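A short write-up of the structure that comes next.
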Amino acid sequence: MRPINEKLAEELLEAGKREFLERGFQGASMRSIAAAAGVTTGALYRYYTDKAAMFDKLVSEPAHALLERYREIQMHFSQLPVEQKLSNLPEISDDGQIWMMQFIYDHFDAFKLIVCCSAGTRYEYYLDTLTEIEVNASHVLIEGMLDAGMEVQPIDDELIHMVSSMLFNGMFETIRHDMPREKAMQHMCSLRDFYAAGWFRILGISDT
């Protein structure tokens, strides 16, 4: 049975977080984390089996919560009539966008670890997972428009992926550059407007 000392466990996590932020997951060392926390490596391993387990503990809950919320947003969007979908572009509603950005900033360090330090972990392609959800929603939108007899300019899978990726890479640029929360919210609103206008343009439809 593993020892339970909540205070020490938190101190070890804090030391691990600093190590990952400074050196990235691949460059991080359990020996350095233990030294920073003032314990032996043996003591550290009694709490966290390896650095992957420690990284997972730092990011797993907020990472999962954001993914699930975004899936819920897209599920709701997919159930709307096509005319309402077009009026609500982009798929992230104002409320959904505000929640996502607030949540990201409420868990800033976790998402900083994911977008800047996660190479070599299962979170390395986290933004790709978000992008895939967006890609699927885009396909649903286009298929719904075609089923409704609307004229849509041809758009291939590669371009859909590029446009979808743009949204999340732009969103997380705020984290990469340690942008203050208020400024990040302002930029996200502008990005959302840009993203919506772009969709109308490449689909060849009017936004009025």
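Ligands are numbered from 1 in the order shown, residues from 1 within each chain, and chains are lettered A, B, ... in the order they appear in the structure tokens.
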
Mind the document's chain letters and residue numbers, and return as an mmCIF file with N, CA and C atoms, in the first residue's frame the residues of segment 29-125 of chain A that DSSP labels alpha helix (DSSP H).
```
data_model
loop_
_atom_site.group_PDB
_atom_site.id
_atom_site.type_symbol
_atom_site.label_atom_id
_atom_site.label_comp_id
_atom_site.auth_asym_id
_atom_site.auth_seq_id
_atom_site.Cartn_x
_atom_site.Cartn_y
_atom_site.Cartn_z
ATOM 1 N N MET A 30 13.226 12.496 -12.813
ATOM 2 C CA MET A 30 12.672 12.186 -11.490
ATOM 3 C C MET A 30 13.696 12.502 -10.399
ATOM 4 N N ARG A 31 14.963 12.330 -10.704
ATOM 5 C CA ARG A 31 16.009 12.650 -9.738
ATOM 6 C C ARG A 31 16.000 14.149 -9.415
ATOM 7 N N SER A 32 15.851 14.978 -10.461
ATOM 8 C CA SER A 32 15.813 16.426 -10.245
ATOM 9 C C SER A 32 14.563 16.843 -9.482
ATOM 10 N N ILE A 33 13.446 16.201 -9.788
ATOM 11 C CA ILE A 33 12.197 16.510 -9.083
ATOM 12 C C ILE A 33 12.338 16.174 -7.605
ATOM 13 N N ALA A 34 12.895 15.010 -7.321
ATOM 14 C CA ALA A 34 13.089 14.606 -5.926
ATOM 15 C C ALA A 34 14.000 15.585 -5.199
ATOM 16 N N ALA A 35 15.084 15.990 -5.853
ATOM 17 C CA ALA A 35 16.018 16.926 -5.224
ATOM 18 C C ALA A 35 15.349 18.263 -4.943
ATOM 19 N N ALA A 36 14.541 18.746 -5.900
ATOM 20 C CA ALA A 36 13.860 20.022 -5.717
ATOM 21 C C ALA A 36 12.872 19.964 -4.558
ATOM 22 N N ALA A 37 12.276 18.792 -4.343
ATOM 23 C CA ALA A 37 11.312 18.624 -3.259
ATOM 24 C C ALA A 37 11.984 18.249 -1.939
ATOM 25 N N THR A 41 14.899 9.883 -4.305
ATOM 26 C CA THR A 41 14.156 9.374 -5.459
ATOM 27 C C THR A 41 13.277 8.196 -5.041
ATOM 28 N N GLY A 42 13.731 7.415 -4.073
ATOM 29 C CA GLY A 42 12.921 6.306 -3.580
ATOM 30 C C GLY A 42 11.616 6.786 -2.988
ATOM 31 N N ALA A 43 11.680 7.887 -2.231
ATOM 32 C CA ALA A 43 10.454 8.447 -1.653
ATOM 33 C C ALA A 43 9.519 8.940 -2.740
ATOM 34 N N LEU A 44 10.088 9.562 -3.781
ATOM 35 C CA LEU A 44 9.268 10.054 -4.890
ATOM 36 C C LEU A 44 8.556 8.910 -5.592
ATOM 37 N N TYR A 45 9.276 7.816 -5.831
ATOM 38 C CA TYR A 45 8.678 6.675 -6.531
ATOM 39 C C TYR A 45 7.593 5.984 -5.706
ATOM 40 N N ARG A 46 7.605 6.192 -4.411
ATOM 41 C CA ARG A 46 6.521 5.620 -3.603
ATOM 42 C C ARG A 46 5.204 6.342 -3.843
ATOM 43 N N TYR A 47 5.287 7.575 -4.333
ATOM 44 C CA TYR A 47 4.068 8.338 -4.620
ATOM 45 C C TYR A 47 3.705 8.316 -6.102
ATOM 46 N N LYS A 51 7.594 9.455 -14.260
ATOM 47 C CA LYS A 51 7.258 10.848 -14.566
ATOM 48 C C LYS A 51 5.990 10.948 -15.418
ATOM 49 N N ALA A 52 5.670 9.888 -16.162
ATOM 50 C CA ALA A 52 4.420 9.897 -16.921
ATOM 51 C C ALA A 52 3.221 9.927 -15.978
ATOM 52 N N ALA A 53 3.288 9.174 -14.887
ATOM 53 C CA ALA A 53 2.198 9.175 -13.909
ATOM 54 C C ALA A 53 2.062 10.531 -13.245
ATOM 55 N N MET A 54 3.190 11.173 -13.000
ATOM 56 C CA MET A 54 3.161 12.496 -12.391
ATOM 57 C C MET A 54 2.574 13.523 -13.358
ATOM 58 N N PHE A 55 2.985 13.468 -14.611
ATOM 59 C CA PHE A 55 2.455 14.386 -15.623
ATOM 60 C C PHE A 55 0.951 14.190 -15.772
ATOM 61 N N ASP A 56 0.539 12.931 -15.811
ATOM 62 C CA ASP A 56 -0.885 12.623 -15.951
ATOM 63 C C ASP A 56 -1.687 13.193 -14.784
ATOM 64 N N LYS A 57 -1.148 13.076 -13.591
ATOM 65 C CA LYS A 57 -1.830 13.612 -12.411
ATOM 66 C C LYS A 57 -2.006 15.119 -12.507
ATOM 67 N N LEU A 58 -1.057 15.788 -13.111
ATOM 68 C CA LEU A 58 -1.097 17.243 -13.223
ATOM 69 C C LEU A 58 -2.113 17.738 -14.247
ATOM 70 N N VAL A 59 -2.383 16.934 -15.293
ATOM 71 C CA VAL A 59 -3.185 17.469 -16.395
ATOM 72 C C VAL A 59 -4.453 16.687 -16.708
ATOM 73 N N SER A 60 -4.595 15.467 -16.218
ATOM 74 C CA SER A 60 -5.655 14.582 -16.728
ATOM 75 C C SER A 60 -7.064 15.118 -16.497
ATOM 76 N N GLU A 61 -7.352 15.617 -15.304
ATOM 77 C CA GLU A 61 -8.729 16.042 -15.012
ATOM 78 C C GLU A 61 -9.172 17.224 -15.868
ATOM 79 N N PRO A 62 -8.410 18.335 -15.923
ATOM 80 C CA PRO A 62 -8.856 19.433 -16.789
ATOM 81 C C PRO A 62 -8.842 19.067 -18.268
ATOM 82 N N ALA A 63 -7.876 18.255 -18.689
ATOM 83 C CA ALA A 63 -7.829 17.850 -20.093
ATOM 84 C C ALA A 63 -9.080 17.070 -20.471
ATOM 85 N N HIS A 64 -9.487 16.142 -19.635
ATOM 86 C CA HIS A 64 -10.684 15.337 -19.903
ATOM 87 C C HIS A 64 -11.942 16.210 -19.861
ATOM 88 N N ALA A 65 -12.027 17.103 -18.897
ATOM 89 C CA ALA A 65 -13.223 17.941 -18.756
ATOM 90 C C ALA A 65 -13.420 18.836 -19.971
ATOM 91 N N LEU A 66 -12.343 19.405 -20.498
ATOM 92 C CA LEU A 66 -12.474 20.278 -21.666
ATOM 93 C C LEU A 66 -12.908 19.478 -22.888
ATOM 94 N N LEU A 67 -12.326 18.302 -23.083
ATOM 95 C CA LEU A 67 -12.729 17.465 -24.210
ATOM 96 C C LEU A 67 -14.203 17.100 -24.138
ATOM 97 N N GLU A 68 -14.654 16.692 -22.963
ATOM 98 C CA GLU A 68 -16.048 16.278 -22.828
ATOM 99 C C GLU A 68 -16.996 17.448 -23.051
ATOM 100 N N ARG A 69 -16.636 18.619 -22.543
ATOM 101 C CA ARG A 69 -17.497 19.789 -22.757
ATOM 102 C C ARG A 69 -17.566 20.130 -24.243
ATOM 103 N N TYR A 70 -16.434 20.037 -24.927
ATOM 104 C CA TYR A 70 -16.460 20.364 -26.355
ATOM 105 C C TYR A 70 -17.266 19.337 -27.145
ATOM 106 N N ARG A 71 -17.181 18.086 -26.756
ATOM 107 C CA ARG A 71 -18.013 17.068 -27.406
ATOM 108 C C ARG A 71 -19.497 17.378 -27.193
ATOM 109 N N GLU A 72 -19.858 17.828 -26.002
ATOM 110 C CA GLU A 72 -21.244 18.186 -25.716
ATOM 111 C C GLU A 72 -21.687 19.367 -26.582
ATOM 112 N N ILE A 73 -20.820 20.357 -26.725
ATOM 113 C CA ILE A 73 -21.140 21.513 -27.558
ATOM 114 C C ILE A 73 -21.402 21.071 -28.987
ATOM 115 N N GLN A 74 -20.555 20.200 -29.522
ATOM 116 C CA GLN A 74 -20.713 19.754 -30.895
ATOM 117 C C GLN A 74 -21.910 18.823 -31.065
ATOM 118 N N MET A 75 -22.214 18.033 -30.042
ATOM 119 C CA MET A 75 -23.396 17.176 -30.117
ATOM 120 C C MET A 75 -24.657 18.023 -30.193
ATOM 121 N N HIS A 76 -24.701 19.076 -29.376
ATOM 122 C CA HIS A 76 -25.853 19.995 -29.419
ATOM 123 C C HIS A 76 -25.933 20.653 -30.785
ATOM 124 N N PHE A 77 -24.798 21.097 -31.314
ATOM 125 C CA PHE A 77 -24.777 21.763 -32.612
ATOM 126 C C PHE A 77 -25.277 20.836 -33.713
ATOM 127 N N SER A 78 -24.896 19.569 -33.664
ATOM 128 C CA SER A 78 -25.263 18.617 -34.716
ATOM 129 C C SER A 78 -26.766 18.378 -34.781
ATOM 130 N N VAL A 82 -30.371 22.915 -40.168
ATOM 131 C CA VAL A 82 -29.238 23.462 -40.900
ATOM 132 C C VAL A 82 -29.231 24.987 -40.912
ATOM 133 N N GLU A 83 -30.433 25.602 -41.017
ATOM 134 C CA GLU A 83 -30.481 27.066 -41.033
ATOM 135 C C GLU A 83 -29.975 27.645 -39.712
ATOM 136 N N GLN A 84 -30.316 26.980 -38.624
ATOM 137 C CA GLN A 84 -29.859 27.438 -37.310
ATOM 138 C C GLN A 84 -28.359 27.195 -37.137
ATOM 139 N N LYS A 85 -27.869 26.106 -37.706
ATOM 140 C CA LYS A 85 -26.428 25.862 -37.658
ATOM 141 C C LYS A 85 -25.672 27.002 -38.329
ATOM 142 N N LEU A 86 -26.169 27.427 -39.501
ATOM 143 C CA LEU A 86 -25.481 28.496 -40.220
ATOM 144 C C LEU A 86 -25.551 29.812 -39.451
ATOM 145 N N SER A 87 -26.667 30.066 -38.806
ATOM 146 C CA SER A 87 -26.787 31.309 -38.047
ATOM 147 C C SER A 87 -25.932 31.288 -36.791
ATOM 148 N N ASP A 94 -21.246 31.597 -28.078
ATOM 149 C CA ASP A 94 -20.608 32.588 -27.201
ATOM 150 C C ASP A 94 -20.432 32.025 -25.795
ATOM 151 N N ASP A 95 -21.491 31.386 -25.269
ATOM 152 C CA ASP A 95 -21.399 30.812 -23.920
ATOM 153 C C ASP A 95 -20.351 29.707 -23.867
ATOM 154 N N GLY A 96 -20.335 28.860 -24.890
ATOM 155 C CA GLY A 96 -19.356 27.782 -24.924
ATOM 156 C C GLY A 96 -17.939 28.299 -25.019
ATOM 157 N N GLN A 97 -17.735 29.315 -25.847
ATOM 158 C CA GLN A 97 -16.410 29.907 -25.996
ATOM 159 C C GLN A 97 -15.940 30.522 -24.688
ATOM 160 N N ILE A 98 -16.834 31.274 -24.038
ATOM 161 C CA ILE A 98 -16.466 31.909 -22.766
ATOM 162 C C ILE A 98 -16.122 30.846 -21.734
ATOM 163 N N TRP A 99 -16.951 29.791 -21.647
ATOM 164 C CA TRP A 99 -16.661 28.728 -20.681
ATOM 165 C C TRP A 99 -15.305 28.096 -20.962
ATOM 166 N N MET A 100 -15.033 27.775 -22.232
ATOM 167 C CA MET A 100 -13.783 27.105 -22.572
ATOM 168 C C MET A 100 -12.576 27.959 -22.202
ATOM 169 N N MET A 101 -12.604 29.239 -22.567
ATOM 170 C CA MET A 101 -11.461 30.098 -22.264
ATOM 171 C C MET A 101 -11.313 30.315 -20.763
ATOM 172 N N GLN A 102 -12.431 30.494 -20.062
ATOM 173 C CA GLN A 102 -12.355 30.651 -18.616
ATOM 174 C C GLN A 102 -11.801 29.379 -17.974
ATOM 175 N N PHE A 103 -12.246 28.241 -18.453
ATOM 176 C CA PHE A 103 -11.786 26.967 -17.901
ATOM 177 C C PHE A 103 -10.295 26.785 -18.163
ATOM 178 N N ILE A 104 -9.863 27.097 -19.369
ATOM 179 C CA ILE A 104 -8.441 26.986 -19.699
ATOM 180 C C ILE A 104 -7.615 27.869 -18.775
ATOM 181 N N TYR A 105 -8.082 29.083 -18.536
ATOM 182 C CA TYR A 105 -7.313 29.994 -17.682
ATOM 183 C C TYR A 105 -7.441 29.634 -16.204
ATOM 184 N N ASP A 106 -8.537 29.009 -15.822
ATOM 185 C CA ASP A 106 -8.650 28.513 -14.444
ATOM 186 C C ASP A 106 -7.673 27.374 -14.181
ATOM 187 N N PHE A 108 -4.593 27.078 -15.931
ATOM 188 C CA PHE A 108 -3.571 27.585 -16.851
ATOM 189 C C PHE A 108 -2.350 26.672 -16.903
ATOM 190 N N ASP A 109 -1.824 26.298 -15.740
ATOM 191 C CA ASP A 109 -0.593 25.512 -15.724
ATOM 192 C C ASP A 109 -0.781 24.152 -16.382
ATOM 193 N N ALA A 110 -1.944 23.541 -16.165
ATOM 194 C CA ALA A 110 -2.199 22.233 -16.773
ATOM 195 C C ALA A 110 -2.184 22.329 -18.293
ATOM 196 N N PHE A 111 -2.832 23.354 -18.831
ATOM 197 C CA PHE A 111 -2.878 23.484 -20.281
ATOM 198 C C PHE A 111 -1.560 24.003 -20.849
ATOM 199 N N LYS A 112 -0.815 24.744 -20.055
ATOM 200 C CA LYS A 112 0.538 25.129 -20.468
ATOM 201 C C LYS A 112 1.401 23.870 -20.610
ATOM 202 N N LEU A 113 1.274 22.964 -19.681
ATOM 203 C CA LEU A 113 2.005 21.701 -19.769
ATOM 204 C C LEU A 113 1.599 20.928 -21.029
ATOM 205 N N ILE A 114 0.314 20.905 -21.327
ATOM 206 C CA ILE A 114 -0.171 20.143 -22.473
ATOM 207 C C ILE A 114 0.341 20.728 -23.786
ATOM 208 N N VAL A 115 0.231 22.042 -23.951
ATOM 209 C CA VAL A 115 0.555 22.630 -25.257
ATOM 210 C C VAL A 115 2.042 22.915 -25.435
ATOM 211 N N CYS A 116 2.797 22.997 -24.361
ATOM 212 C CA CYS A 116 4.211 23.365 -24.468
ATOM 213 C C CYS A 116 5.191 22.276 -24.030
ATOM 214 N N CYS A 117 4.741 21.329 -23.235
ATOM 215 C CA CYS A 117 5.694 20.428 -22.569
ATOM 216 C C CYS A 117 5.342 18.954 -22.686
#
```

Using only C-alpha atoms, what does the table of segment 125-144 of chain A residues within 12 Å of segment 172-190 of chain A look like, with each row giving the shortest atom pair and its distance in Å to one decimal, sorted by chain and ascending number, as JSON lines?
```
{"residue": "A:Tyr126", "atom": "CA", "partner": "A:Phe172", "partner_atom": "CA", "distance": 11.2}
{"residue": "A:Leu127", "atom": "CA", "partner": "A:Phe172", "partner_atom": "CA", "distance": 8.8}
{"residue": "A:Leu130", "atom": "CA", "partner": "A:Phe172", "partner_atom": "CA", "distance": 11.5}
```

My list of candidates is A:Thr49, A:Leu8, A:Val39, A:Ala119. Which is closest to Gly24 of chain A when distances are computed with only C-alpha atoms? A:Ala119

Can you tell me which residues surround Glu19 of chain A at a distance of at most 8 Å, considering only C-alpha atoms, apart from same-chain residues fewer than 2 positions away, and format the answer as a ChimeraX atom specification? /A:15-17,21-24,28-29,32-33

From the options A:Tyr48, A:Phe194, A:Ile202, A:Leu12, which residue's atoms come nearest to Pro154 of chain A, counting only C-alpha atoms?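 Result for the nearest residue to Pro154 of chain A: A:Ile202.
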
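Closest approach to Leu146 of chain A among A:Met162, A:Leu203, A:Tyr125, A:Glu10: A:Leu203, based on only C-alpha atoms.
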
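Across A:Thr121, A:Thr131, A:Asn5, A:Thr40, the tightest approach to Gly170 of chain A is made by A:Thr131 when counting only C-alpha atoms.
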
May I ask for the distance between atom CA of Asp128 of chain A and atom CA of Phe168 of chain A, given in Å to one decimal place?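 Atom CA of Phe168 of chain A lies 8.8 Å from atom CA of Asp128 of chain A.
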
Need to verify the contact set: Ser138 of chain A, 10 Å, only C-alpha atoms, exclusion of same-chain residues closer than 6 positions in sequence. Can you return it as a list in words? Gln74, Ser78, Pro90, Glu91, Glu132, Gly144, Asp157, Ile160, His161, Val163, Ser164 and Trp199 of chain A

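Note that the spacing between atom CA of Ile142 of chain A and atom CA of Asp156 of chain A amounts to 11.0 Å.
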
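In terms of minimum interatomic distance to Gly27 of chain A, A:Gly120 ranks closest within A:Gly120, A:Thr129, A:Ile4, A:Ser165, counting only C-alpha atoms.
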
Considering only C-alpha atoms, can you say which of A:Phe25, A:Gly204, A:Asp147, A:Glu14 comes closest to Tyr123 of chain A? A:Phe25
